[in-house]
>>> print(open('start_32.cif').read())   # mmCIF, C-alpha atoms and all ligand atoms
data_my_file
#
loop_
_atom_site.label_atom_id
_atom_site.label_comp_id
_atom_site.auth_asym_id
_atom_site.auth_seq_id
_atom_site.Cartn_x
_atom_site.Cartn_y
_atom_site.Cartn_z
CA MET A 1 -7.82 19.84 12.94
CA GLY A 2 -8.77 22.67 15.22
CA MET A 3 -5.51 22.52 17.14
CA ASP A 4 -3.78 25.80 17.94
CA LYS A 5 -1.55 26.59 15.07
CA ASP A 6 2.09 26.82 16.02
CA MET A 7 3.82 26.17 12.72
CA ASP A 8 3.81 27.48 9.18
CA LEU A 9 2.59 24.84 6.77
CA ILE A 10 3.49 26.70 3.58
CA ASP A 11 6.85 28.40 2.95
CA GLU A 12 7.62 31.62 1.06
CA ASP A 13 8.03 29.67 -2.19
CA GLY A 14 4.50 28.31 -1.87
CA LEU A 15 5.69 24.82 -1.01
CA ARG A 16 4.50 22.56 1.79
CA LEU A 17 6.54 21.12 4.69
CA ASP A 18 7.63 18.12 2.64
CA GLY A 19 8.30 20.22 -0.46
CA ARG A 20 5.08 19.34 -2.25
CA LYS A 21 3.00 21.68 -4.39
CA PHE A 22 -0.65 22.27 -3.45
CA ASP A 23 -1.95 19.68 -5.90
CA GLU A 24 0.75 17.08 -5.39
CA LEU A 25 0.24 13.62 -3.94
CA ARG A 26 2.64 11.90 -1.61
CA GLU A 27 4.39 8.99 -3.32
CA ILE A 28 2.16 5.92 -3.67
CA ASN A 29 3.30 2.37 -4.37
CA ILE A 30 1.06 -0.67 -4.58
CA GLU A 31 1.97 -4.34 -4.90
CA ALA A 32 -0.81 -6.85 -5.53
CA GLY A 33 -0.95 -10.48 -4.47
CA ILE A 34 1.76 -10.73 -1.87
CA LEU A 35 0.01 -12.91 0.74
CA LYS A 36 -0.15 -16.61 -0.16
CA ARG A 37 -2.99 -17.63 2.17
CA ALA A 38 -5.39 -14.83 1.28
CA ASP A 39 -7.62 -15.04 -1.81
CA GLY A 40 -6.41 -11.57 -2.71
CA SER A 41 -4.04 -9.05 -1.19
CA ALA A 42 -2.31 -5.75 -1.69
CA TYR A 43 0.48 -3.90 0.08
CA LEU A 44 0.41 -0.16 -0.25
CA THR A 45 2.78 2.57 0.83
CA TRP A 46 1.53 6.13 0.64
CA GLY A 47 3.95 8.70 1.97
CA LYS A 48 4.77 7.33 5.41
CA ASN A 49 1.66 5.13 5.56
CA LYS A 50 2.13 1.38 5.25
CA VAL A 51 -1.00 -0.68 4.69
CA MET A 52 -1.72 -4.36 4.08
CA ALA A 53 -5.08 -5.49 2.71
CA ALA A 54 -6.24 -9.11 2.55
CA VAL A 55 -9.46 -10.47 1.05
CA TYR A 56 -11.18 -13.79 1.74
CA GLY A 57 -14.27 -14.96 -0.08
CA PRO A 58 -16.89 -15.04 -1.23
CA ARG A 59 -17.57 -17.80 1.30
CA GLU A 60 -20.56 -18.89 3.37
CA LEU A 61 -21.34 -16.28 5.98
CA HIS A 62 -21.36 -17.31 9.62
CA PRO A 63 -23.30 -16.83 11.80
CA ARG A 64 -26.16 -17.80 9.53
CA HIS A 65 -28.55 -15.19 10.92
CA ALA A 66 -26.22 -12.55 9.47
CA GLN A 67 -26.66 -13.98 5.96
CA ASP A 68 -28.59 -12.03 3.34
CA PRO A 69 -30.52 -14.41 1.04
CA SER A 70 -30.37 -11.88 -1.80
CA LYS A 71 -26.70 -10.94 -1.78
CA ALA A 72 -23.24 -11.20 -0.30
CA VAL A 73 -22.27 -9.02 2.63
CA VAL A 74 -19.00 -7.12 2.33
CA GLN A 75 -17.38 -7.04 5.76
CA ALA A 76 -14.38 -4.74 5.97
CA ARG A 77 -12.31 -4.53 9.11
CA TYR A 78 -9.85 -1.66 9.51
CA ASN A 79 -7.26 -2.21 12.21
CA MET A 80 -4.41 -0.04 13.38
CA ALA A 81 -1.40 -1.92 14.70
CA SER A 82 -0.26 -0.87 18.18
CA PHE A 83 3.07 0.15 16.72
CA SER A 84 1.59 2.14 13.82
CA VAL A 85 1.44 5.50 15.60
CA PRO A 86 3.82 7.47 17.86
CA ASP A 87 1.71 6.86 20.99
CA ARG A 88 1.11 3.12 21.22
CA LYS A 89 -2.40 2.42 19.96
CA ARG A 90 -4.43 0.32 22.38
CA PRO A 91 -5.14 -2.97 20.57
CA GLY A 92 -8.65 -3.78 19.45
CA PRO A 93 -11.53 -1.89 17.92
CA ASP A 94 -12.31 1.66 19.00
CA ARG A 95 -14.89 4.19 17.80
CA ARG A 96 -12.66 5.39 15.02
CA SER A 97 -11.81 1.96 13.60
CA VAL A 98 -15.47 0.89 13.79
CA GLU A 99 -16.42 4.02 11.84
CA ILE A 100 -13.75 3.45 9.19
CA SER A 101 -14.65 -0.25 8.88
CA LYS A 102 -18.29 0.71 8.29
CA LEU A 103 -17.56 3.33 5.67
CA MET A 104 -15.17 0.95 3.91
CA SER A 105 -17.78 -1.83 3.86
CA GLU A 106 -20.37 0.54 2.42
CA ALA A 107 -18.01 1.89 -0.23
CA LEU A 108 -16.74 -1.54 -1.33
CA GLU A 109 -20.25 -2.99 -1.50
CA GLU A 110 -20.86 -0.49 -4.32
CA ILE A 111 -18.41 -2.23 -6.64
CA VAL A 112 -18.69 -5.93 -5.78
CA PHE A 113 -21.42 -7.79 -7.70
CA VAL A 114 -22.94 -8.88 -4.41
CA GLU A 115 -26.14 -10.28 -6.01
CA GLN A 116 -24.09 -13.09 -7.49
CA PHE A 117 -23.27 -14.52 -4.06
CA PRO A 118 -26.33 -14.80 -1.82
CA ARG A 119 -25.74 -15.83 1.80
CA SER A 120 -22.02 -15.19 1.42
CA ALA A 121 -19.46 -12.94 2.99
CA VAL A 122 -16.59 -11.15 1.36
CA ASP A 123 -14.14 -10.36 4.14
CA VAL A 124 -11.70 -7.52 3.73
CA PHE A 125 -9.02 -7.05 6.38
CA VAL A 126 -6.91 -3.93 6.38
CA GLU A 127 -3.97 -3.63 8.74
CA ILE A 128 -2.44 -0.20 9.18
CA LEU A 129 1.21 -0.99 9.94
CA GLU A 130 2.35 2.62 9.95
CA ALA A 131 0.04 5.60 10.01
CA SER A 132 0.73 9.15 8.97
CA ALA A 133 -2.58 10.76 7.96
CA GLY A 134 -4.94 9.63 5.24
CA THR A 135 -5.11 6.02 6.29
CA ARG A 136 -8.81 5.58 5.48
CA CYS A 137 -8.14 6.61 1.87
CA ALA A 138 -5.09 4.35 1.77
CA ALA A 139 -7.17 1.51 3.23
CA ILE A 140 -9.97 1.79 0.62
CA THR A 141 -7.43 2.08 -2.19
CA ALA A 142 -5.50 -1.00 -1.03
CA ALA A 143 -8.67 -3.00 -0.33
CA SER A 144 -9.93 -2.39 -3.87
CA VAL A 145 -6.74 -3.82 -5.35
CA ALA A 146 -6.94 -6.82 -3.01
CA LEU A 147 -10.56 -7.46 -4.10
CA ALA A 148 -9.56 -7.36 -7.74
CA ASP A 149 -6.57 -9.59 -7.00
CA ALA A 150 -8.97 -12.09 -5.40
CA GLY A 151 -10.80 -12.26 -8.74
CA ILE A 152 -14.05 -11.20 -7.12
CA PRO A 153 -16.57 -10.08 -9.75
CA MET A 154 -16.79 -6.31 -9.52
CA SER A 155 -17.72 -3.38 -11.70
CA ASP A 156 -14.58 -1.34 -11.05
CA MET A 157 -12.17 -0.48 -8.26
CA ILE A 158 -12.55 2.43 -5.86
CA ALA A 159 -9.85 5.07 -5.65
CA SER A 160 -9.64 7.36 -2.67
CA CYS A 161 -7.78 10.49 -1.65
CA ALA A 162 -8.27 13.41 0.72
CA SER A 163 -7.88 17.08 0.09
CA GLY A 164 -8.13 19.86 2.65
CA LYS A 165 -7.12 23.31 3.73
CA ILE A 166 -3.87 24.48 5.30
CA ASP A 167 -2.78 28.08 5.98
CA GLY A 168 -5.81 29.30 4.06
CA HIS A 169 -5.08 27.26 0.91
CA VAL A 170 -6.89 24.26 -0.51
CA VAL A 171 -4.36 21.44 -0.98
CA LEU A 172 -4.27 17.77 -1.87
CA ASP A 173 -3.47 14.80 0.38
CA LEU A 174 -2.67 16.22 3.82
CA GLY A 175 0.39 14.90 5.62
CA LYS A 176 0.50 14.37 9.38
CA ASN A 177 1.35 17.93 10.44
CA GLU A 178 -1.03 19.35 7.88
CA ASP A 179 -3.77 17.14 9.27
CA ASN A 180 -2.98 18.19 12.84
CA PHE A 181 -2.54 21.90 12.25
CA GLY A 182 -4.62 22.48 9.11
CA GLU A 183 -8.13 23.88 8.86
CA ALA A 184 -9.97 21.11 7.03
CA ASP A 185 -9.60 17.52 5.82
CA VAL A 186 -11.95 16.06 3.19
CA PRO A 187 -11.56 12.35 2.42
CA VAL A 188 -13.17 11.38 -0.89
CA ALA A 189 -13.57 8.06 -2.71
CA ILE A 190 -14.94 7.52 -6.19
CA VAL A 191 -15.68 4.75 -8.65
CA PRO A 192 -13.44 6.15 -11.41
CA ARG A 193 -15.30 4.67 -14.36
CA THR A 194 -18.64 6.23 -13.41
CA GLY A 195 -17.49 9.07 -11.20
CA LYS A 196 -19.83 7.95 -8.45
CA ILE A 197 -18.79 9.26 -5.04
CA THR A 198 -18.68 6.46 -2.48
CA LEU A 199 -17.10 8.34 0.41
CA LEU A 200 -17.26 11.98 1.41
CA GLN A 201 -16.42 13.26 4.85
CA MET A 202 -15.38 16.66 6.11
CA ASP A 203 -13.47 17.53 9.25
CA GLY A 204 -13.12 21.30 9.72
CA ASN A 205 -14.60 24.17 7.76
CA LEU A 206 -14.59 25.24 4.12
CA THR A 207 -16.52 27.84 2.15
CA ILE A 208 -18.59 26.50 -0.75
CA GLU A 209 -15.93 27.70 -3.21
CA GLU A 210 -13.17 26.01 -1.22
CA TYR A 211 -15.23 22.87 -0.97
CA GLU A 212 -15.65 22.76 -4.75
CA GLU A 213 -11.94 23.30 -5.25
CA ALA A 214 -11.15 20.57 -2.71
CA MET A 215 -13.49 18.13 -4.46
CA GLU A 216 -11.92 18.82 -7.83
CA LEU A 217 -8.42 18.26 -6.45
CA ALA A 218 -9.39 15.03 -4.72
CA ILE A 219 -11.31 13.64 -7.70
CA ASN A 220 -8.46 14.38 -10.11
CA ALA A 221 -6.07 12.66 -7.72
CA CYS A 222 -8.38 9.61 -7.51
CA HIS A 223 -7.93 9.15 -11.26
CA GLU A 224 -4.14 9.29 -10.81
CA ILE A 225 -4.38 6.72 -8.03
CA TYR A 226 -6.60 4.53 -10.20
CA ASP A 227 -3.76 4.30 -12.72
CA ILE A 228 -1.40 3.15 -9.96
CA GLN A 229 -3.96 0.54 -8.85
CA ARG A 230 -4.32 -0.82 -12.37
CA GLU A 231 -0.55 -0.89 -12.87
CA ALA A 232 -0.20 -2.98 -9.70
CA LEU A 233 -2.68 -5.53 -11.07
CA LYS A 234 -1.07 -5.59 -14.49
CA LYS A 235 2.30 -6.18 -12.91
CA ARG A 236 0.95 -8.98 -10.79
CA TYR A 237 -0.72 -10.80 -13.65
CA SER A 238 2.06 -10.38 -16.15
CA THR A 239 4.58 -12.13 -13.91
CA SER A 240 2.63 -14.78 -12.00
CA ILE A 241 2.53 -17.31 -14.84
CA ASP A 242 6.33 -17.50 -14.89
CA SER A 243 6.59 -17.77 -11.17
CA TYR A 244 7.03 -21.30 -9.83
CA GLU A 245 6.66 -20.02 -6.32
CA ASP A 246 3.08 -19.09 -7.04
CA LEU A 247 2.25 -22.45 -8.58
CA GLU A 248 3.93 -24.66 -6.00
CA GLU A 249 1.25 -24.67 -3.34
CA VAL A 250 -1.87 -24.62 -5.49
O1 LIG B 301 -5.92 8.28 8.93
P1 LIG B 301 -7.05 9.17 8.57
O2 LIG B 301 -6.59 10.54 8.11
O3 LIG B 301 -8.00 8.54 7.60
O4 LIG B 301 -7.94 9.35 9.88
P2 LIG B 301 -7.85 10.44 11.06
O5 LIG B 301 -8.79 9.94 12.12
O6 LIG B 301 -8.05 11.79 10.51
O7 LIG B 301 -6.38 10.28 11.62
C1 LIG B 301 -5.33 11.05 11.14
C2 LIG B 301 -4.02 10.49 11.61
O8 LIG B 301 -3.91 10.60 13.03
C3 LIG B 301 -3.80 9.01 11.35
O9 LIG B 301 -3.47 8.72 10.01
C4 LIG B 301 -2.67 8.72 12.29
O10 LIG B 301 -1.45 9.17 11.73
C5 LIG B 301 -3.02 9.61 13.49
N1 LIG B 301 -3.63 8.81 14.56
C6 LIG B 301 -2.86 8.52 15.67
O11 LIG B 301 -1.71 8.94 15.75
N2 LIG B 301 -3.37 7.74 16.69
C7 LIG B 301 -4.64 7.25 16.62
N3 LIG B 301 -5.13 6.50 17.61
C8 LIG B 301 -5.42 7.56 15.50
C9 LIG B 301 -4.90 8.35 14.49
#
>>> encode(input="start_32.cif", output="structure tokens")
Amino acid sequence: MGMDKDMDLIDEDGLRLDGRKFDELREINIEAGILKRADGSAYLTWGKNKVMAAVYGPRELHPRHAQDPSKAVVQARYNMASFSVPDRKRPGPDRRSVEISKLMSEALEEIVFVEQFPRSAVDVFVEILEASAGTRCAAITAASVALADAGIPMSDMIASCASGKIDGHVVLDLGKNEDNFGEADVPVAIVPRTGKITLLQMDGNLTIEEYEEAMELAINACHEIYDIQREALKKRYSTSIDSYEDLEEV
């Protein structure tokens, strides 16, 4: 965002660099329950993003002074692997990952029935293995599936997607170049069943009309993503009973 523009992001046919239409998502695939040691997990690919989410808990929260006697604390940790971006990412937390971890924790706490688990922690680890714009949305989407896979009591999942503005047009789900050279990026997350917005950020500038268009695009896409999330869970739970591998180490 805000970088000097040195490339066209939309061609004469009205298509984007990767051939997408304005309201088209990158391809999303989600597989639930692929880590044996975690209570719940999900692996998600979204365009060129590759994301692993693992959930542990609810379990007793340590240190004890961090416990909340009235509810569980959802602790999300977003981490970018060193090899996930073109310039090696310095390992460990930085401002950006601390911010994303916080907004993820706040969003996910909206859906988990935290009152049922006082003094507990629900830990959510998200590892970005390959990053190519939109990783916070990918992280929330994957984490929600991992929470459901863990069987943690929750009201719904959260689906997340960004929209934005490139070459003067409002479009869905910015890719890497669009993110770098576009005019605005608006990550959104919702609880699909209620429509409640649990994440809304804006990098760049939009008019009110553009903002409304961007919200509509992102919210519609969240419902599409929600279907993919539910399919991943259905697939997981329609095959696991037949699978000896899953039963072996119980
Ligand atoms: O990933 P997301 O769009 O949620 O967050 P961002 O801060 O807008 O980052 C956009 C993209 O910049 C990331 O998805 C990465 O592809 C890239 N990035 C990077 O190359 N190196 C970093 N240290 C951080 C981000």
>>> atom_distance(input="start_32.cif", atom1="CA of Ala143 (chain A)", atom2="CA of His65 (chain A)")
25.9 Å
>>> residues_near_ligand(input="start_32.cif", ligand="ligand LIG 301 (chain B)", cutoff="10 Å", atoms="only C-alpha atoms and all ligand atoms", output="ChimeraX atom specification")
/A:1,48-49,80-91,94,96-97,99-100,128,130-140,161-162,173-180,185-187,202-203
>>> residues_near_point(input="start_32.cif", point="(-22.3, -3.7, -0.6)", cutoff="9 Å", atoms="only C-alpha atoms", output="list of chain:residue names")
A:Lys71, A:Ala72, A:Val73, A:Val74, A:Gln75, A:Ser105, A:Glu106, A:Ala107, A:Leu108, A:Glu109, A:Glu110, A:Ile111, A:Val112, A:Phe113, A:Val114
>>> write_last_selection(input="start_32.cif", atoms="C-alpha atoms", output="compact mmCIF listing (two decimals), in the frame of the given file")
# COMPACT_ATOMS: atom_id res chain seq x y z
CA LYS A 71 -26.70 -10.94 -1.78
CA ALA A 72 -23.24 -11.20 -0.30
CA VAL A 73 -22.27 -9.02 2.63
CA VAL A 74 -19.00 -7.12 2.33
CA GLN A 75 -17.38 -7.04 5.76
CA SER A 105 -17.78 -1.83 3.86
CA GLU A 106 -20.37 0.54 2.42
CA ALA A 107 -18.01 1.89 -0.23
CA LEU A 108 -16.74 -1.54 -1.33
CA GLU A 109 -20.25 -2.99 -1.50
CA GLU A 110 -20.86 -0.49 -4.32
CA ILE A 111 -18.41 -2.23 -6.64
CA VAL A 112 -18.69 -5.93 -5.78
CA PHE A 113 -21.42 -7.79 -7.70
CA VAL A 114 -22.94 -8.88 -4.41
>>> atom_distance(input="start_32.cif", atom1="CA of Gln116 (chain A)", atom2="CA of Ser70 (chain A)")
8.6 Å
>>> closest_residue(input="start_32.cif", among="A:Glu224, A:Val171, A:Met7, A:Asp149", to="Lys36 (chain A)", atoms="all atoms listed in the file")
A:Asp149
>>> closest_residue(input="start_32.cif", among="A:Trp46, A:Tyr226, A:Phe22, A:Phe181", to="Ile158 (chain A)", atoms="all atoms listed in the file")
A:Tyr226
>>> atom_distance(input="start_32.cif", atom1="CA of Gly57 (chain A)", atom2="CA of Pro93 (chain A)")
22.4 Å
>>> residues_near_point(input="start_32.cif", point="(-7.4, -9.3, -3.1)", cutoff="6 Å", atoms="all atoms listed in the file", output="number ranges by chain")
A: 39-41, 54-55, 145-150
>>> residues_around(input="start_32.cif", residues="Asp11 (chain A)", least_positions_apart="4", cutoff="12 Å", atoms="all atoms listed in the file", output="list of chain:residue names")
A:Met7, A:Leu15, A:Arg16, A:Leu17, A:Asp18, A:Gly19, A:Arg20, A:Lys21, A:Phe22, A:Ile166, A:Asp167
>>> write_last_selection(input="start_32.cif", atoms="C-alpha atoms", output="PDB file, in the coordinates of the input")
ATOM      1  CA  MET A   7       3.820  26.170  12.720  1.00  0.00           C
ATOM      2  CA  LEU A  15       5.690  24.820  -1.010  1.00  0.00           C
ATOM      3  CA  ARG A  16       4.500  22.560   1.790  1.00  0.00           C
ATOM      4  CA  LEU A  17       6.540  21.120   4.690  1.00  0.00           C
ATOM      5  CA  ASP A  18       7.630  18.120   2.640  1.00  0.00           C
ATOM      6  CA  GLY A  19       8.300  20.220  -0.460  1.00  0.00           C
ATOM      7  CA  ARG A  20       5.080  19.340  -2.250  1.00  0.00           C
ATOM      8  CA  LYS A  21       3.000  21.680  -4.390  1.00  0.00           C
ATOM      9  CA  PHE A  22      -0.650  22.270  -3.450  1.00  0.00           C
ATOM     10  CA  ILE A 166      -3.870  24.480   5.300  1.00  0.00           C
ATOM     11  CA  ASP A 167      -2.780  28.080   5.980  1.00  0.00           C
TER      12      ASP A 167
END
>>> closest_residue(input="start_32.cif", among="A:Leu61, A:Met215, A:Val126, A:Ile228", to="Met104 (chain A)", atoms="all atoms listed in the file")
A:Val126
>>> axis_aligned_box(input="start_32.cif", around="region 189-199 of chain A", padding_each_side="4 Å", output="lines of an AutoDock Vina configuration file")
center_x = -16.6
center_y = 7.0
center_z = -7.0
size_x = 14.4
size_y = 12.6
size_z = 22.8
>>> build_atoms(input="start_32.cif", residues="region 19-30 of chain A", atoms="all heavy atoms", output="mmCIF file, keeping the file's coordinate frame")
data_model
loop_
_atom_site.group_PDB
_atom_site.id
_atom_site.type_symbol
_atom_site.label_atom_id
_atom_site.label_comp_id
_atom_site.auth_asym_id
_atom_site.auth_seq_id
_atom_site.Cartn_x
_atom_site.Cartn_y
_atom_site.Cartn_z
ATOM 1 N N GLY A 19 7.856 19.752 0.853
ATOM 2 C CA GLY A 19 8.300 20.220 -0.460
ATOM 3 C C GLY A 19 7.274 20.048 -1.571
ATOM 4 O O GLY A 19 7.552 20.361 -2.727
ATOM 5 N N ARG A 20 6.084 19.572 -1.213
ATOM 6 C CA ARG A 20 5.080 19.340 -2.250
ATOM 7 C C ARG A 20 4.382 20.627 -2.673
ATOM 8 O O ARG A 20 4.239 21.573 -1.910
ATOM 9 C CB ARG A 20 4.016 18.363 -1.740
ATOM 10 C CG ARG A 20 4.446 16.927 -1.819
ATOM 11 C CD ARG A 20 3.297 16.016 -1.475
ATOM 12 N NE ARG A 20 2.910 16.107 -0.070
ATOM 13 C CZ ARG A 20 1.694 15.851 0.392
ATOM 14 N NH1 ARG A 20 0.730 15.509 -0.437
ATOM 15 N NH2 ARG A 20 1.440 15.929 1.688
ATOM 16 N N LYS A 21 3.878 20.617 -3.929
ATOM 17 C CA LYS A 21 3.000 21.680 -4.390
ATOM 18 C C LYS A 21 1.587 21.420 -3.854
ATOM 19 O O LYS A 21 1.297 20.334 -3.357
ATOM 20 C CB LYS A 21 2.966 21.706 -5.921
ATOM 21 C CG LYS A 21 4.342 21.889 -6.551
ATOM 22 C CD LYS A 21 4.166 22.184 -8.036
ATOM 23 C CE LYS A 21 5.461 22.007 -8.791
ATOM 24 N NZ LYS A 21 5.690 20.617 -9.232
ATOM 25 N N PHE A 22 0.696 22.405 -4.016
ATOM 26 C CA PHE A 22 -0.650 22.270 -3.450
ATOM 27 C C PHE A 22 -1.398 21.051 -3.983
ATOM 28 O O PHE A 22 -2.164 20.416 -3.270
ATOM 29 C CB PHE A 22 -1.501 23.520 -3.766
ATOM 30 C CG PHE A 22 -1.062 24.759 -3.035
ATOM 31 C CD1 PHE A 22 -1.705 25.967 -3.260
ATOM 32 C CD2 PHE A 22 -0.013 24.730 -2.121
ATOM 33 C CE1 PHE A 22 -1.312 27.120 -2.592
ATOM 34 C CE2 PHE A 22 0.399 25.873 -1.448
ATOM 35 C CZ PHE A 22 -0.260 27.076 -1.693
ATOM 36 N N ASP A 23 -1.162 20.754 -5.274
ATOM 37 C CA ASP A 23 -1.950 19.680 -5.900
ATOM 38 C C ASP A 23 -1.159 18.387 -6.061
ATOM 39 O O ASP A 23 -1.474 17.562 -6.906
ATOM 40 C CB ASP A 23 -2.465 20.139 -7.272
ATOM 41 C CG ASP A 23 -1.322 20.453 -8.237
ATOM 42 O OD1 ASP A 23 -0.146 20.473 -7.799
ATOM 43 O OD2 ASP A 23 -1.613 20.677 -9.429
ATOM 44 N N GLU A 24 -0.142 18.234 -5.226
ATOM 45 C CA GLU A 24 0.750 17.080 -5.390
ATOM 46 C C GLU A 24 0.473 15.999 -4.350
ATOM 47 O O GLU A 24 0.337 16.298 -3.158
ATOM 48 C CB GLU A 24 2.205 17.571 -5.269
ATOM 49 C CG GLU A 24 3.232 16.622 -5.845
ATOM 50 C CD GLU A 24 4.648 17.216 -5.782
ATOM 51 O OE1 GLU A 24 4.797 18.460 -5.733
ATOM 52 O OE2 GLU A 24 5.607 16.434 -5.774
ATOM 53 N N LEU A 25 0.411 14.761 -4.832
ATOM 54 C CA LEU A 25 0.240 13.620 -3.940
ATOM 55 C C LEU A 25 1.555 13.241 -3.279
ATOM 56 O O LEU A 25 2.620 13.482 -3.842
ATOM 57 C CB LEU A 25 -0.215 12.392 -4.748
ATOM 58 C CG LEU A 25 -1.659 12.271 -5.176
ATOM 59 C CD1 LEU A 25 -1.782 11.160 -6.223
ATOM 60 C CD2 LEU A 25 -2.543 11.979 -3.979
ATOM 61 N N ARG A 26 1.470 12.589 -2.128
ATOM 62 C CA ARG A 26 2.640 11.900 -1.610
ATOM 63 C C ARG A 26 2.904 10.699 -2.533
ATOM 64 O O ARG A 26 2.021 10.288 -3.279
ATOM 65 C CB ARG A 26 2.380 11.424 -0.170
ATOM 66 C CG ARG A 26 2.297 12.579 0.813
ATOM 67 C CD ARG A 26 1.885 12.110 2.202
ATOM 68 N NE ARG A 26 0.464 11.770 2.261
ATOM 69 C CZ ARG A 26 -0.160 11.328 3.347
ATOM 70 N NH1 ARG A 26 0.515 11.171 4.480
ATOM 71 N NH2 ARG A 26 -1.448 11.054 3.330
ATOM 72 N N GLU A 27 4.094 10.113 -2.436
ATOM 73 C CA GLU A 27 4.390 8.990 -3.320
ATOM 74 C C GLU A 27 3.565 7.762 -2.923
ATOM 75 O O GLU A 27 3.469 7.426 -1.738
ATOM 76 C CB GLU A 27 5.889 8.654 -3.260
ATOM 77 C CG GLU A 27 6.261 7.595 -4.284
ATOM 78 C CD GLU A 27 7.748 7.257 -4.280
ATOM 79 O OE1 GLU A 27 8.559 8.139 -3.949
ATOM 80 O OE2 GLU A 27 8.065 6.098 -4.604
ATOM 81 N N ILE A 28 2.989 7.113 -3.922
ATOM 82 C CA ILE A 28 2.160 5.920 -3.670
ATOM 83 C C ILE A 28 2.732 4.735 -4.434
ATOM 84 O O ILE A 28 3.040 4.837 -5.621
ATOM 85 C CB ILE A 28 0.705 6.161 -4.134
ATOM 86 C CG1 ILE A 28 0.091 7.337 -3.377
ATOM 87 C CG2 ILE A 28 -0.143 4.896 -3.947
ATOM 88 C CD1 ILE A 28 -1.291 7.725 -3.850
ATOM 89 N N ASN A 29 2.895 3.622 -3.731
ATOM 90 C CA ASN A 29 3.300 2.370 -4.370
ATOM 91 C C ASN A 29 2.347 1.269 -3.950
ATOM 92 O O ASN A 29 1.989 1.180 -2.773
ATOM 93 C CB ASN A 29 4.726 1.986 -3.939
ATOM 94 C CG ASN A 29 5.748 2.889 -4.595
ATOM 95 O OD1 ASN A 29 5.949 2.829 -5.797
ATOM 96 N ND2 ASN A 29 6.369 3.751 -3.799
ATOM 97 N N ILE A 30 1.973 0.430 -4.906
ATOM 98 C CA ILE A 30 1.060 -0.670 -4.580
ATOM 99 C C ILE A 30 1.606 -1.958 -5.197
ATOM 100 O O ILE A 30 2.009 -1.976 -6.355
ATOM 101 C CB ILE A 30 -0.362 -0.433 -5.137
ATOM 102 C CG1 ILE A 30 -0.885 0.938 -4.736
ATOM 103 C CG2 ILE A 30 -1.299 -1.540 -4.659
ATOM 104 C CD1 ILE A 30 -2.249 1.288 -5.307
#
